[in-house]
>>> print(open('model-v1.cif').read())   # mmCIF, C-alpha atoms
data_run
loop_
_atom_site.label_atom_id
_atom_site.label_comp_id
_atom_site.auth_asym_id
_atom_site.auth_seq_id
_atom_site.Cartn_x
_atom_site.Cartn_y
_atom_site.Cartn_z
CA MET H 1 0.00 0.00 0.00
CA ARG H 2 1.37 3.39 -0.97
CA PRO H 3 1.31 6.13 1.69
CA LEU H 4 -1.17 8.45 -0.04
CA GLU H 5 -3.65 5.78 -1.12
CA GLY H 6 -7.22 6.84 -0.36
CA LEU H 7 -6.50 10.54 -0.85
CA ILE H 8 -8.32 12.33 -3.68
CA VAL H 9 -6.63 15.24 -5.44
CA LEU H 10 -8.48 17.58 -7.81
CA GLU H 11 -5.90 19.12 -10.14
CA PHE H 12 -6.91 22.31 -11.94
CA CYS H 13 -3.28 23.00 -12.93
CA GLN H 14 -1.82 23.46 -16.40
CA PHE H 15 1.58 23.04 -18.05
CA LEU H 16 4.39 21.84 -15.77
CA ALA H 17 4.84 23.07 -12.18
CA GLY H 18 1.43 22.07 -10.76
CA PRO H 19 0.97 18.92 -12.85
CA SER H 20 4.49 17.74 -11.96
CA ALA H 21 3.44 17.98 -8.30
CA GLY H 22 0.31 15.97 -9.12
CA LEU H 23 2.51 13.36 -10.79
CA LYS H 24 4.52 12.93 -7.60
CA LEU H 25 1.39 12.69 -5.48
CA ALA H 26 0.01 10.06 -7.86
CA ASP H 27 3.27 8.08 -7.69
CA LEU H 28 2.88 8.10 -3.90
CA GLY H 29 -0.59 6.58 -4.23
CA ALA H 30 -3.00 9.54 -4.37
CA ARG H 31 -5.90 9.45 -6.81
CA VAL H 32 -5.33 12.52 -8.97
CA ILE H 33 -8.25 13.75 -11.08
CA LYS H 34 -7.40 16.41 -13.66
CA ILE H 35 -10.17 18.93 -14.20
CA GLU H 36 -9.90 19.88 -17.87
CA ARG H 37 -11.89 21.95 -20.31
CA PRO H 38 -14.00 19.78 -22.64
CA ILE H 39 -12.64 18.65 -26.03
CA LYS H 40 -9.28 20.47 -26.03
CA GLY H 41 -8.34 19.64 -22.45
CA GLU H 42 -5.40 21.10 -20.60
CA ALA H 43 -3.23 23.47 -22.68
CA CYS H 44 -0.10 21.34 -22.22
CA ARG H 45 -1.69 18.63 -24.40
CA GLN H 46 -0.69 20.77 -27.39
CA LEU H 47 2.69 21.97 -26.04
CA SER H 48 5.15 19.60 -27.65
CA ILE H 49 8.85 18.90 -27.46
CA LYS H 50 10.29 18.20 -30.94
CA ASP H 51 6.72 17.87 -32.28
CA LEU H 52 6.22 14.48 -30.60
CA PHE H 53 2.61 13.41 -29.99
CA VAL H 54 0.87 10.27 -28.71
CA ASP H 55 -2.91 9.79 -29.15
CA ASP H 56 -3.43 13.49 -29.96
CA SER H 57 -1.58 14.73 -26.85
CA SER H 58 2.03 15.84 -26.68
CA LEU H 59 4.66 13.47 -25.37
CA LEU H 60 5.46 16.25 -22.86
CA PHE H 61 1.90 15.99 -21.49
CA HIS H 62 2.30 12.24 -21.11
CA THR H 63 5.53 12.59 -19.15
CA ILE H 64 3.80 14.79 -16.54
CA ASN H 65 0.35 13.23 -16.32
CA ARG H 66 0.72 9.47 -16.03
CA ASN H 67 -1.39 7.74 -13.38
CA LYS H 68 -4.08 10.44 -13.44
CA GLU H 69 -7.77 10.52 -14.37
CA SER H 70 -9.46 13.19 -16.49
CA PHE H 71 -12.78 14.89 -15.75
CA ALA H 72 -13.88 17.35 -18.44
CA ALA H 73 -15.83 20.36 -17.19
CA ASP H 74 -16.42 23.94 -18.31
CA LEU H 75 -15.75 26.15 -15.28
CA LYS H 76 -17.76 28.95 -16.89
CA ASN H 77 -20.84 26.72 -17.11
CA PRO H 78 -23.04 26.89 -13.96
CA ASP H 79 -24.18 23.29 -14.38
CA ASP H 80 -20.60 22.05 -14.59
CA LEU H 81 -19.66 24.14 -11.57
CA VAL H 82 -22.30 22.30 -9.56
CA LEU H 83 -20.60 19.03 -10.50
CA ILE H 84 -17.18 20.38 -9.57
CA LYS H 85 -18.44 21.46 -6.15
CA LYS H 86 -19.74 17.94 -5.55
CA LEU H 87 -16.25 16.66 -6.29
CA ILE H 88 -14.73 19.21 -3.89
CA GLU H 89 -17.03 17.84 -1.15
CA LYS H 90 -15.32 14.45 -1.49
CA ALA H 91 -11.76 15.62 -2.20
CA ASP H 92 -8.82 15.88 0.20
CA ILE H 93 -6.70 18.24 -1.87
CA MET H 94 -7.32 20.65 -4.72
CA THR H 95 -4.61 22.50 -6.65
CA HIS H 96 -4.55 25.23 -9.26
CA ASN H 97 -2.16 27.64 -10.94
CA PHE H 98 -4.61 30.14 -12.42
CA ARG H 99 -3.77 33.83 -12.32
CA PRO H 100 -4.72 35.62 -9.07
CA GLY H 101 -8.42 36.45 -9.11
CA VAL H 102 -9.59 33.73 -11.52
CA MET H 103 -10.82 31.24 -8.91
CA GLU H 104 -12.36 34.06 -6.87
CA LYS H 105 -14.34 35.12 -9.93
CA ILE H 106 -15.89 31.69 -10.40
CA GLY H 107 -16.38 31.04 -6.69
CA LEU H 108 -13.75 28.35 -6.21
CA ASP H 109 -11.26 30.29 -4.09
CA PHE H 110 -10.01 28.99 -0.74
CA GLU H 111 -12.79 30.49 1.39
CA ASN H 112 -15.51 29.12 -0.87
CA ALA H 113 -13.81 25.74 -1.04
CA LEU H 114 -13.69 25.68 2.78
CA SER H 115 -17.42 26.33 2.91
CA ILE H 116 -17.93 23.27 0.71
CA ASN H 117 -15.34 21.10 2.46
CA PRO H 118 -14.01 22.42 5.81
CA GLN H 119 -11.02 20.03 5.70
CA ILE H 120 -9.86 20.72 2.14
CA ILE H 121 -6.16 21.28 1.52
CA TYR H 122 -6.09 24.04 -1.06
CA GLY H 123 -2.86 24.53 -3.00
CA THR H 124 -2.03 27.39 -5.36
CA ILE H 125 0.98 28.17 -7.55
CA THR H 126 1.50 31.71 -8.82
CA GLY H 127 4.28 33.30 -10.79
CA TYR H 128 5.13 36.07 -8.33
CA GLY H 129 2.65 35.89 -5.45
CA ASN H 130 -0.93 37.11 -5.17
CA GLU H 131 -0.29 40.82 -4.70
CA GLY H 132 1.87 43.59 -6.07
CA PRO H 133 2.72 44.88 -9.55
CA TRP H 134 4.00 41.47 -10.74
CA ALA H 135 1.00 39.46 -9.58
CA LYS H 136 -0.63 39.08 -12.99
CA LYS H 137 2.49 38.86 -15.14
CA PRO H 138 3.07 35.54 -16.93
CA GLY H 139 4.90 33.01 -14.80
CA GLN H 140 6.87 31.13 -17.45
CA ASP H 141 10.01 29.08 -16.77
CA LEU H 142 12.48 30.94 -19.00
CA LEU H 143 11.24 34.29 -17.71
CA LEU H 144 11.79 33.13 -14.11
CA GLN H 145 15.25 31.80 -14.87
CA SER H 146 16.07 35.14 -16.44
CA LEU H 147 14.84 37.52 -13.75
CA SER H 148 16.01 35.45 -10.77
CA GLY H 149 19.73 35.58 -11.62
CA LEU H 150 19.89 31.84 -12.37
CA SER H 151 20.98 32.32 -15.98
CA TRP H 152 24.26 33.92 -14.82
CA LEU H 153 25.44 30.72 -13.09
CA SER H 154 25.99 28.39 -16.08
CA GLY H 155 28.21 28.52 -19.13
CA ARG H 156 31.23 30.75 -19.62
CA LYS H 157 31.64 34.41 -18.76
CA SER H 158 31.91 35.44 -22.40
CA GLN H 159 28.62 33.72 -23.29
CA GLY H 160 26.45 36.12 -21.34
CA PRO H 161 23.40 34.69 -19.56
CA VAL H 162 22.84 30.97 -20.24
CA PRO H 163 19.47 29.39 -19.34
CA PHE H 164 19.21 25.76 -18.28
CA GLY H 165 18.16 23.21 -20.88
CA LEU H 166 15.38 22.07 -18.52
CA ALA H 167 12.32 23.80 -17.10
CA VAL H 168 14.14 23.99 -13.78
CA ALA H 169 11.96 26.75 -12.28
CA ASP H 170 8.77 24.79 -12.97
CA LEU H 171 10.17 21.47 -11.78
CA MET H 172 11.63 22.80 -8.54
CA CYS H 173 8.43 24.70 -7.81
CA GLY H 174 6.52 21.43 -8.24
CA ASN H 175 8.83 19.81 -5.69
CA HIS H 176 8.28 22.65 -3.22
CA PHE H 177 4.53 22.39 -3.82
CA VAL H 178 4.56 18.71 -2.88
CA GLN H 179 6.53 19.50 0.29
CA GLY H 180 3.91 22.09 1.25
CA ILE H 181 1.01 19.71 0.55
CA LEU H 182 2.57 16.90 2.60
CA ALA H 183 3.16 19.34 5.47
CA ALA H 184 -0.47 20.49 5.16
CA LEU H 185 -1.66 16.88 5.43
CA LEU H 186 0.18 16.57 8.75
CA LYS H 187 -1.25 19.88 9.98
CA ARG H 188 -4.78 18.83 9.01
CA ALA H 189 -4.35 15.55 10.87
CA LYS H 190 -3.65 17.59 14.03
CA THR H 191 -6.21 20.39 13.62
CA LYS H 192 -8.97 18.74 11.55
CA LYS H 193 -9.14 21.98 9.58
CA GLY H 194 -8.47 22.92 5.97
CA VAL H 195 -5.07 24.36 5.04
CA LEU H 196 -4.04 26.88 2.38
CA VAL H 197 -0.72 26.05 0.66
CA GLU H 198 0.85 28.78 -1.47
CA VAL H 199 4.06 28.79 -3.47
CA SER H 200 5.30 31.00 -6.28
CA LEU H 201 7.73 30.24 -9.08
CA LEU H 202 9.82 33.24 -8.06
CA GLU H 203 10.21 32.24 -4.41
CA SER H 204 10.92 28.66 -5.45
CA ILE H 205 13.67 29.47 -7.95
CA LEU H 206 15.28 31.84 -5.44
CA ASP H 207 15.31 29.07 -2.85
CA VAL H 208 17.05 26.77 -5.35
CA GLN H 209 19.86 29.34 -5.43
CA PHE H 210 20.20 29.74 -1.67
CA GLU H 211 23.95 28.97 -1.74
CA ALA H 212 24.72 31.51 -4.44
CA ILE H 213 22.40 34.22 -3.13
CA THR H 214 23.66 33.81 0.44
CA SER H 215 27.20 34.26 -0.85
CA PHE H 216 26.17 37.42 -2.69
CA LEU H 217 24.38 38.88 0.34
CA ASN H 218 27.24 38.17 2.73
CA ASP H 219 30.25 38.84 0.52
CA GLY H 220 29.91 42.55 -0.12
CA GLY H 221 27.50 42.10 -3.01
CA GLN H 222 30.05 40.33 -5.20
CA LEU H 223 28.36 38.94 -8.31
CA PRO H 224 28.95 35.35 -9.45
CA GLU H 225 32.11 35.17 -11.51
CA ARG H 226 32.10 32.36 -14.03
CA GLY H 227 35.24 31.03 -15.58
CA ASP H 228 35.84 31.73 -19.24
CA ILE H 229 37.39 28.55 -20.59
CA LYS H 230 35.72 25.46 -21.97
CA GLY H 231 34.33 23.24 -19.21
CA SER H 232 33.89 25.90 -16.53
CA ALA H 233 31.24 24.40 -14.30
CA HIS H 234 30.57 26.52 -11.22
CA ALA H 235 30.75 30.25 -10.59
CA PHE H 236 31.80 29.84 -6.94
CA LEU H 237 34.16 26.84 -6.95
CA SER H 238 37.89 26.72 -7.50
CA ALA H 239 39.97 24.63 -9.89
CA PRO H 240 40.01 21.77 -10.66
CA TYR H 241 36.18 21.71 -10.60
CA GLY H 242 34.98 21.40 -14.20
CA VAL H 243 34.66 19.28 -17.33
CA TYR H 244 37.71 18.46 -19.46
CA GLN H 245 38.02 17.04 -22.96
CA THR H 246 39.90 13.77 -23.32
CA GLN H 247 41.18 11.92 -26.36
CA ASP H 248 37.80 10.27 -26.91
CA GLY H 249 35.25 12.16 -24.82
CA TYR H 250 34.97 14.20 -21.65
CA LEU H 251 35.95 13.83 -18.00
CA SER H 252 34.49 15.64 -15.00
CA LEU H 253 36.68 16.55 -12.04
CA ALA H 254 34.97 17.46 -8.78
CA MET H 255 36.47 19.11 -5.70
CA GLY H 256 39.81 17.87 -4.38
CA ASP H 257 43.38 18.71 -3.46
CA LEU H 258 44.77 20.40 -6.55
CA LEU H 259 48.42 19.59 -5.84
CA PHE H 260 47.67 15.91 -5.29
CA ILE H 261 45.54 15.73 -8.43
CA GLY H 262 48.36 17.39 -10.37
CA LYS H 263 50.82 14.82 -9.03
CA VAL H 264 48.57 11.93 -10.14
CA LEU H 265 48.23 13.54 -13.57
CA GLY H 266 52.02 13.96 -13.79
CA LEU H 267 51.95 17.75 -13.41
CA ASP H 268 53.94 20.02 -11.13
CA LEU H 269 51.44 22.54 -9.75
CA ASN H 270 53.55 23.79 -6.83
CA ALA H 271 53.32 27.31 -8.24
CA TYR H 272 49.71 27.18 -7.00
CA ALA H 273 50.49 25.94 -3.47
CA ASP H 274 48.57 28.89 -2.03
CA LYS H 275 44.96 27.66 -1.99
CA HIS H 276 43.65 31.18 -2.63
CA LEU H 277 45.13 30.87 -6.12
CA TRP H 278 42.92 27.87 -6.87
CA PHE H 279 40.04 30.29 -7.32
CA GLU H 280 41.88 33.42 -8.41
CA LYS H 281 43.84 31.56 -11.13
CA ARG H 282 41.28 28.89 -11.90
CA ASP H 283 41.10 29.53 -15.66
CA GLU H 284 44.90 29.36 -15.86
CA ILE H 285 44.98 26.15 -13.84
CA ARG H 286 42.17 24.57 -15.84
CA THR H 287 44.04 25.30 -19.05
CA ILE H 288 47.09 23.43 -17.72
CA LEU H 289 44.94 20.50 -16.61
CA SER H 290 43.07 20.48 -19.91
CA GLU H 291 46.26 20.22 -21.99
CA ARG H 292 47.37 17.20 -19.98
CA ILE H 293 43.99 15.44 -19.85
CA GLN H 294 43.55 15.68 -23.63
CA THR H 295 46.53 13.37 -24.13
CA GLN H 296 44.72 10.21 -22.93
CA THR H 297 41.29 8.58 -23.08
CA SER H 298 38.51 9.01 -20.54
CA ASP H 299 38.88 5.38 -19.38
CA TYR H 300 42.61 5.84 -18.89
CA TRP H 301 42.15 8.83 -16.61
CA THR H 302 39.18 7.50 -14.63
CA GLU H 303 41.08 4.31 -13.80
CA ILE H 304 44.14 6.21 -12.58
CA LEU H 305 42.30 8.97 -10.74
CA GLN H 306 39.62 6.84 -9.09
CA LYS H 307 42.28 4.42 -7.86
CA GLU H 308 43.72 7.35 -5.88
CA GLY H 309 40.33 8.29 -4.47
CA ILE H 310 39.94 11.38 -6.68
CA TRP H 311 36.34 12.30 -7.47
CA CYS H 312 36.00 12.09 -11.23
CA GLY H 313 33.81 10.49 -13.87
CA LYS H 314 33.14 10.14 -17.56
CA VAL H 315 30.59 12.51 -19.09
CA PHE H 316 27.73 10.56 -20.68
CA ASN H 317 25.14 11.65 -23.21
CA TYR H 318 21.69 10.00 -23.01
CA GLU H 319 22.66 7.18 -25.37
CA GLU H 320 25.74 6.33 -23.31
CA LEU H 321 23.74 6.61 -20.10
CA ASP H 322 21.06 4.25 -21.43
CA ASN H 323 23.73 1.62 -22.10
CA GLN H 324 25.05 1.60 -18.53
CA PRO H 325 24.33 -1.59 -16.55
CA PHE H 326 22.95 0.37 -13.57
CA VAL H 327 20.00 1.57 -15.67
CA ASN H 328 18.58 -1.95 -15.69
CA GLU H 329 20.00 -2.98 -12.32
CA LEU H 330 18.21 -0.10 -10.60
CA GLN H 331 15.15 -0.40 -12.85
CA LEU H 332 15.38 3.29 -13.74
CA LYS H 333 12.92 3.06 -16.66
CA GLN H 334 9.31 1.99 -16.74
CA THR H 335 6.75 1.28 -19.44
CA VAL H 336 3.24 2.74 -19.29
CA LYS H 337 0.29 1.89 -21.52
CA ASN H 338 -2.59 4.06 -22.75
CA THR H 339 -6.18 3.01 -23.39
CA GLU H 340 -5.37 2.02 -26.98
CA GLY H 341 -2.59 -0.30 -25.90
CA GLU H 342 0.25 1.96 -27.03
CA THR H 343 3.29 1.89 -24.77
CA LEU H 344 5.63 4.67 -23.67
CA VAL H 345 8.98 4.29 -21.93
CA MET H 346 9.76 6.91 -19.30
CA THR H 347 11.60 7.48 -16.07
CA ARG H 348 10.09 6.39 -12.76
CA SER H 349 9.70 7.94 -9.34
CA PRO H 350 13.10 8.11 -7.63
CA ILE H 351 11.54 7.21 -4.26
CA GLN H 352 11.59 3.73 -2.76
CA LEU H 353 9.48 2.80 0.27
CA ASP H 354 10.31 -0.26 2.36
CA GLY H 355 12.46 -1.48 -0.51
CA GLU H 356 9.64 -1.11 -3.04
CA ILE H 357 10.24 0.81 -6.26
CA LEU H 358 7.24 2.98 -7.14
CA LEU H 359 6.39 1.93 -10.68
CA SER H 360 3.39 2.96 -12.78
CA GLU H 361 1.50 1.27 -15.60
CA LYS H 362 -1.10 3.85 -16.60
CA ALA H 363 -0.31 6.54 -19.19
CA ALA H 364 -1.94 9.97 -19.17
CA PRO H 365 -5.72 9.90 -19.80
CA LYS H 366 -7.60 11.27 -22.77
CA VAL H 367 -9.72 14.37 -22.20
CA GLY H 368 -12.79 13.43 -20.15
CA GLN H 369 -11.85 9.76 -20.22
CA ASP H 370 -13.10 9.22 -16.67
CA ASN H 371 -16.21 11.42 -16.65
CA LEU H 372 -18.67 8.51 -16.63
CA ASN H 373 -16.99 6.61 -13.80
CA ILE H 374 -16.53 9.75 -11.70
CA HIS H 375 -20.18 10.71 -12.21
CA LYS H 376 -21.28 7.28 -11.01
CA GLU H 377 -18.92 7.28 -8.03
CA PHE H 378 -19.12 10.85 -6.72
CA ILE H 379 -21.94 12.81 -8.32
CA ASN H 380 -24.82 10.41 -8.90
CA PRO H 381 -23.91 7.32 -6.90
CA VAL H 382 -26.23 4.36 -7.20
CA GLU H 383 -27.69 3.53 -3.80
#
>>> encode(input="model-v1.cif", output="structure tokens")
Amino acid sequence: MRPLEGLIVLEFCQFLAGPSAGLKLADLGARVIKIERPIKGEACRQLSIKDLFVDDSSLLFHTINRNKESFAADLKNPDDLVLIKKLIEKADIMTHNFRPGVMEKIGLDFENALSINPQIIYGTITGYGNEGPWAKKPGQDLLLQSLSGLSWLSGRKSQGPVPFGLAVADLMCGNHFVQGILAALLKRAKTKKGVLVEVSLLESILDVQFEAITSFLNDGGQLPERGDIKGSAHAFLSAPYGVYQTQDGYLSLAMGDLLFIGKVLGLDLNAYADKHLWFEKRDEIRTILSERIQTQTSDYWTEILQKEGIWCGKVFNYEELDNQPFVNELQLKQTVKNTEGETLVMTRSPIQLDGEILLSEKAAPKVGQDNLNIHKEFINPVE
């Protein structure tokens, strides 16, 4: 039995942050019912990566919405709103990421939800909070990466701002949202009262950067200073930290004693005995290391360096990763199936409970796929 089994979640969220939280709740056993507009469904169904679609919905949608049910309803239709309120009566949790004011306008804000269900856990995600001049601005991942300072932490100095190749603001906000909801479940168990959970993309992406921002706030306002050679990997860490090209690929070197690493590599780095130089002269040091590391293969260096306890590793692309034995040994992939019998391979939940891997079998639903069953169970139950 999974820990959240028996809990019902109504998900009014779109795109990535909120639905990714719903995905995690579903993996932990909750019954997650997506409330979608009829016919077209949630907007993410048409937001594709590389124009990849499965049964009329984007592959992106499928990655975020496995294990869920779909209930199609028009929130502007009074009759449909009656149905939604009946679902809220039976739900444990409801989540949304509409702009501030939208749920108030249709009468589904926290106070109204409490009047329907006094023990409801009501979760909201906004871009920048509920109040202030930014409240109604679009909360989109790239925009949050850009305004939060995050894009100045990756890449090289000469490249200017470099955004992540992942929707990191959305994904981390989804993680924070789950933390808040789980905390609210514990609070409700103690108080028997409903709980309002609020998180914003801005606050979430700032929290992700707590190390960097704390350094800035307590170091005289010094901005992050990225290296400017190939493989620079961290704006705040000294050499040798970075990625280096080898004869046949790439090698990553993590933190360690620079002089000892130099000795193992066959280099005399005594000119950098003063540890302060490891940061001040990091580009210069990385250039010396790079010239040496390029002379041999990745396997050659990993064998020598790891034997001496030096933290290093080969740099894999997805194809190389997929061919590693640990992918199968740890059962890192799973196969889900949709209603038409089509299968999709995707990653699984990283959480194990009592030694059990949390696998799924059910792909994302079609729009309104579960309306009939939900009507029978919650709205017009047969006595």
>>> closest_residue(input="model-v1.cif", among="H:Trp134, H:Phe71, H:Trp278, H:Phe177", to="H:Gly18", atoms="all atoms listed in the file")
H:Phe177
>>> closest_atom_pairs(input="model-v1.cif", of="stretch 163-190 of chain H", to="stretch 6-17 of chain H", cutoff="12 Å", atoms="only C-alpha atoms", output="CSV")
residue,atom,partner,partner_atom,distance
H:Leu166,CA,H:Leu16,CA,11.3
H:Ala167,CA,H:Leu16,CA,8.3
H:Val168,CA,H:Ala17,CA,9.5
H:Ala169,CA,H:Ala17,CA,8.0
H:Asp170,CA,H:Ala17,CA,4.4
H:Leu171,CA,H:Ala17,CA,5.6
H:Met172,CA,H:Ala17,CA,7.7
H:Cys173,CA,H:Ala17,CA,5.9
H:Gly174,CA,H:Ala17,CA,4.6
H:Asn175,CA,H:Ala17,CA,8.3
H:His176,CA,H:Ala17,CA,9.6
H:Phe177,CA,H:Ala17,CA,8.4
H:Val178,CA,H:Ala17,CA,10.3
H:Ile181,CA,H:Val9,CA,10.7
H:Leu182,CA,H:Leu7,CA,11.6
H:Leu185,CA,H:Leu7,CA,10.2
>>> write_last_selection(input="model-v1.cif", atoms="C-alpha atoms", output="CSV table (one decimal), keeping the file's coordinate frame")
chain,number,residue,atom,x,y,z
H,166,LEU,CA,15.4,22.1,-18.5
H,167,ALA,CA,12.3,23.8,-17.1
H,168,VAL,CA,14.1,24.0,-13.8
H,169,ALA,CA,12.0,26.8,-12.3
H,170,ASP,CA,8.8,24.8,-13.0
H,171,LEU,CA,10.2,21.5,-11.8
H,172,MET,CA,11.6,22.8,-8.5
H,173,CYS,CA,8.4,24.7,-7.8
H,174,GLY,CA,6.5,21.4,-8.2
H,175,ASN,CA,8.8,19.8,-5.7
H,176,HIS,CA,8.3,22.6,-3.2
H,177,PHE,CA,4.5,22.4,-3.8
H,178,VAL,CA,4.6,18.7,-2.9
H,181,ILE,CA,1.0,19.7,0.6
H,182,LEU,CA,2.6,16.9,2.6
H,185,LEU,CA,-1.7,16.9,5.4
>>> closest_residue(input="model-v1.cif", among="H:Ile93, H:Leu251, H:Ile88, H:Leu81", to="H:Val197", atoms="all atoms listed in the file")
H:Ile93
>>> residues_around(input="model-v1.cif", residues="stretch 305-308 of chain H", least_positions_apart="3", cutoff="12 Å", atoms="all atoms listed in the file", output="list in words")
Leu251, Ser252, Leu253, Ala254, Gly256, Asp257, Phe260, Ile261, Gly262, Lys263, Val264, Leu265, Gly266, Ile293, Ser298, Asp299, Tyr300, Trp301, Thr302, Trp311, Cys312, Gly313 and Lys314 of chain H
>>> write_last_selection(input="model-v1.cif", atoms="C-alpha atoms", output="PDB file, keeping the file's coordinate frame")
ATOM      1  CA  LEU H 251      35.950  13.830 -18.000  1.00  0.00           C
ATOM      2  CA  SER H 252      34.490  15.640 -15.000  1.00  0.00           C
ATOM      3  CA  LEU H 253      36.680  16.550 -12.040  1.00  0.00           C
ATOM      4  CA  ALA H 254      34.970  17.460  -8.780  1.00  0.00           C
ATOM      5  CA  GLY H 256      39.810  17.870  -4.380  1.00  0.00           C
ATOM      6  CA  ASP H 257      43.380  18.710  -3.460  1.00  0.00           C
ATOM      7  CA  PHE H 260      47.670  15.910  -5.290  1.00  0.00           C
ATOM      8  CA  ILE H 261      45.540  15.730  -8.430  1.00  0.00           C
ATOM      9  CA  GLY H 262      48.360  17.390 -10.370  1.00  0.00           C
ATOM     10  CA  LYS H 263      50.820  14.820  -9.030  1.00  0.00           C
ATOM     11  CA  VAL H 264      48.570  11.930 -10.140  1.00  0.00           C
ATOM     12  CA  LEU H 265      48.230  13.540 -13.570  1.00  0.00           C
ATOM     13  CA  GLY H 266      52.020  13.960 -13.790  1.00  0.00           C
ATOM     14  CA  ILE H 293      43.990  15.440 -19.850  1.00  0.00           C
ATOM     15  CA  SER H 298      38.510   9.010 -20.540  1.00  0.00           C
ATOM     16  CA  ASP H 299      38.880   5.380 -19.380  1.00  0.00           C
ATOM     17  CA  TYR H 300      42.610   5.840 -18.890  1.00  0.00           C
ATOM     18  CA  TRP H 301      42.150   8.830 -16.610  1.00  0.00           C
ATOM     19  CA  THR H 302      39.180   7.500 -14.630  1.00  0.00           C
ATOM     20  CA  TRP H 311      36.340  12.300  -7.470  1.00  0.00           C
ATOM     21  CA  CYS H 312      36.000  12.090 -11.230  1.00  0.00           C
ATOM     22  CA  GLY H 313      33.810  10.490 -13.870  1.00  0.00           C
ATOM     23  CA  LYS H 314      33.140  10.140 -17.560  1.00  0.00           C
TER      24      LYS H 314
END
>>> resolve_selection(input="model-v1.cif", expression="the PyMOL selection byres ((chain H and resi 346-360) around 12)", output="short mmCIF file (atom, residue, chain, number, x, y, z; two decimals) with C-alpha atoms, in the coordinates of the input")
data_model
loop_
_atom_site.label_atom_id
_atom_site.label_comp_id
_atom_site.auth_asym_id
_atom_site.auth_seq_id
_atom_site.Cartn_x
_atom_site.Cartn_y
_atom_site.Cartn_z
CA MET H 1 0.00 0.00 0.00
CA ARG H 2 1.37 3.39 -0.97
CA PRO H 3 1.31 6.13 1.69
CA SER H 20 4.49 17.74 -11.96
CA ALA H 21 3.44 17.98 -8.30
CA LEU H 23 2.51 13.36 -10.79
CA LYS H 24 4.52 12.93 -7.60
CA LEU H 25 1.39 12.69 -5.48
CA ALA H 26 0.01 10.06 -7.86
CA ASP H 27 3.27 8.08 -7.69
CA LEU H 28 2.88 8.10 -3.90
CA GLY H 29 -0.59 6.58 -4.23
CA LEU H 59 4.66 13.47 -25.37
CA LEU H 60 5.46 16.25 -22.86
CA HIS H 62 2.30 12.24 -21.11
CA THR H 63 5.53 12.59 -19.15
CA ILE H 64 3.80 14.79 -16.54
CA ASN H 65 0.35 13.23 -16.32
CA ARG H 66 0.72 9.47 -16.03
CA ASN H 67 -1.39 7.74 -13.38
CA LYS H 68 -4.08 10.44 -13.44
CA ASP H 322 21.06 4.25 -21.43
CA VAL H 327 20.00 1.57 -15.67
CA ASN H 328 18.58 -1.95 -15.69
CA LEU H 330 18.21 -0.10 -10.60
CA GLN H 331 15.15 -0.40 -12.85
CA LEU H 332 15.38 3.29 -13.74
CA LYS H 333 12.92 3.06 -16.66
CA GLN H 334 9.31 1.99 -16.74
CA THR H 335 6.75 1.28 -19.44
CA VAL H 336 3.24 2.74 -19.29
CA LYS H 337 0.29 1.89 -21.52
CA ASN H 338 -2.59 4.06 -22.75
CA THR H 343 3.29 1.89 -24.77
CA LEU H 344 5.63 4.67 -23.67
CA VAL H 345 8.98 4.29 -21.93
CA GLU H 361 1.50 1.27 -15.60
CA LYS H 362 -1.10 3.85 -16.60
CA ALA H 363 -0.31 6.54 -19.19
CA ALA H 364 -1.94 9.97 -19.17
#
>>> build_atoms(input="model-v1.cif", residues="stretch 362-371 of chain H", atoms="N, CA and C atoms", output="PDB file, in the coordinates of the input")
ATOM      1  N   LYS H 362      -0.050   3.108 -15.904  1.00  0.00           N
ATOM      2  CA  LYS H 362      -1.100   3.850 -16.600  1.00  0.00           C
ATOM      3  C   LYS H 362      -0.546   5.142 -17.210  1.00  0.00           C
ATOM      4  N   ALA H 363      -0.725   5.306 -18.513  1.00  0.00           N
ATOM      5  CA  ALA H 363      -0.310   6.540 -19.190  1.00  0.00           C
ATOM      6  C   ALA H 363      -1.318   7.649 -18.891  1.00  0.00           C
ATOM      7  N   ALA H 364      -1.028   8.842 -19.367  1.00  0.00           N
ATOM      8  CA  ALA H 364      -1.940   9.970 -19.170  1.00  0.00           C
ATOM      9  C   ALA H 364      -3.288   9.674 -19.831  1.00  0.00           C
ATOM     10  N   PRO H 365      -4.381  10.181 -19.241  1.00  0.00           N
ATOM     11  CA  PRO H 365      -5.720   9.900 -19.800  1.00  0.00           C
ATOM     12  C   PRO H 365      -6.041  10.787 -20.985  1.00  0.00           C
ATOM     13  N   LYS H 366      -7.036  10.389 -21.760  1.00  0.00           N
ATOM     14  CA  LYS H 366      -7.600  11.270 -22.770  1.00  0.00           C
ATOM     15  C   LYS H 366      -8.543  12.270 -22.088  1.00  0.00           C
ATOM     16  N   VAL H 367      -8.856  13.340 -22.782  1.00  0.00           N
ATOM     17  CA  VAL H 367      -9.720  14.370 -22.200  1.00  0.00           C
ATOM     18  C   VAL H 367     -11.082  13.763 -21.841  1.00  0.00           C
ATOM     19  N   GLY H 368     -11.485  13.917 -20.582  1.00  0.00           N
ATOM     20  CA  GLY H 368     -12.790  13.430 -20.150  1.00  0.00           C
ATOM     21  C   GLY H 368     -12.931  11.926 -20.108  1.00  0.00           C
ATOM     22  N   GLN H 369     -11.812  11.219 -20.161  1.00  0.00           N
ATOM     23  CA  GLN H 369     -11.850   9.760 -20.220  1.00  0.00           C
ATOM     24  C   GLN H 369     -12.591   9.142 -19.033  1.00  0.00           C
ATOM     25  N   ASP H 370     -12.541   9.808 -17.883  1.00  0.00           N
ATOM     26  CA  ASP H 370     -13.100   9.220 -16.670  1.00  0.00           C
ATOM     27  C   ASP H 370     -14.391   9.878 -16.203  1.00  0.00           C
ATOM     28  N   ASN H 371     -14.976  10.724 -17.053  1.00  0.00           N
ATOM     29  CA  ASN H 371     -16.210  11.420 -16.650  1.00  0.00           C
ATOM     30  C   ASN H 371     -17.304  10.468 -16.174  1.00  0.00           C
TER      31      ASN H 371
END
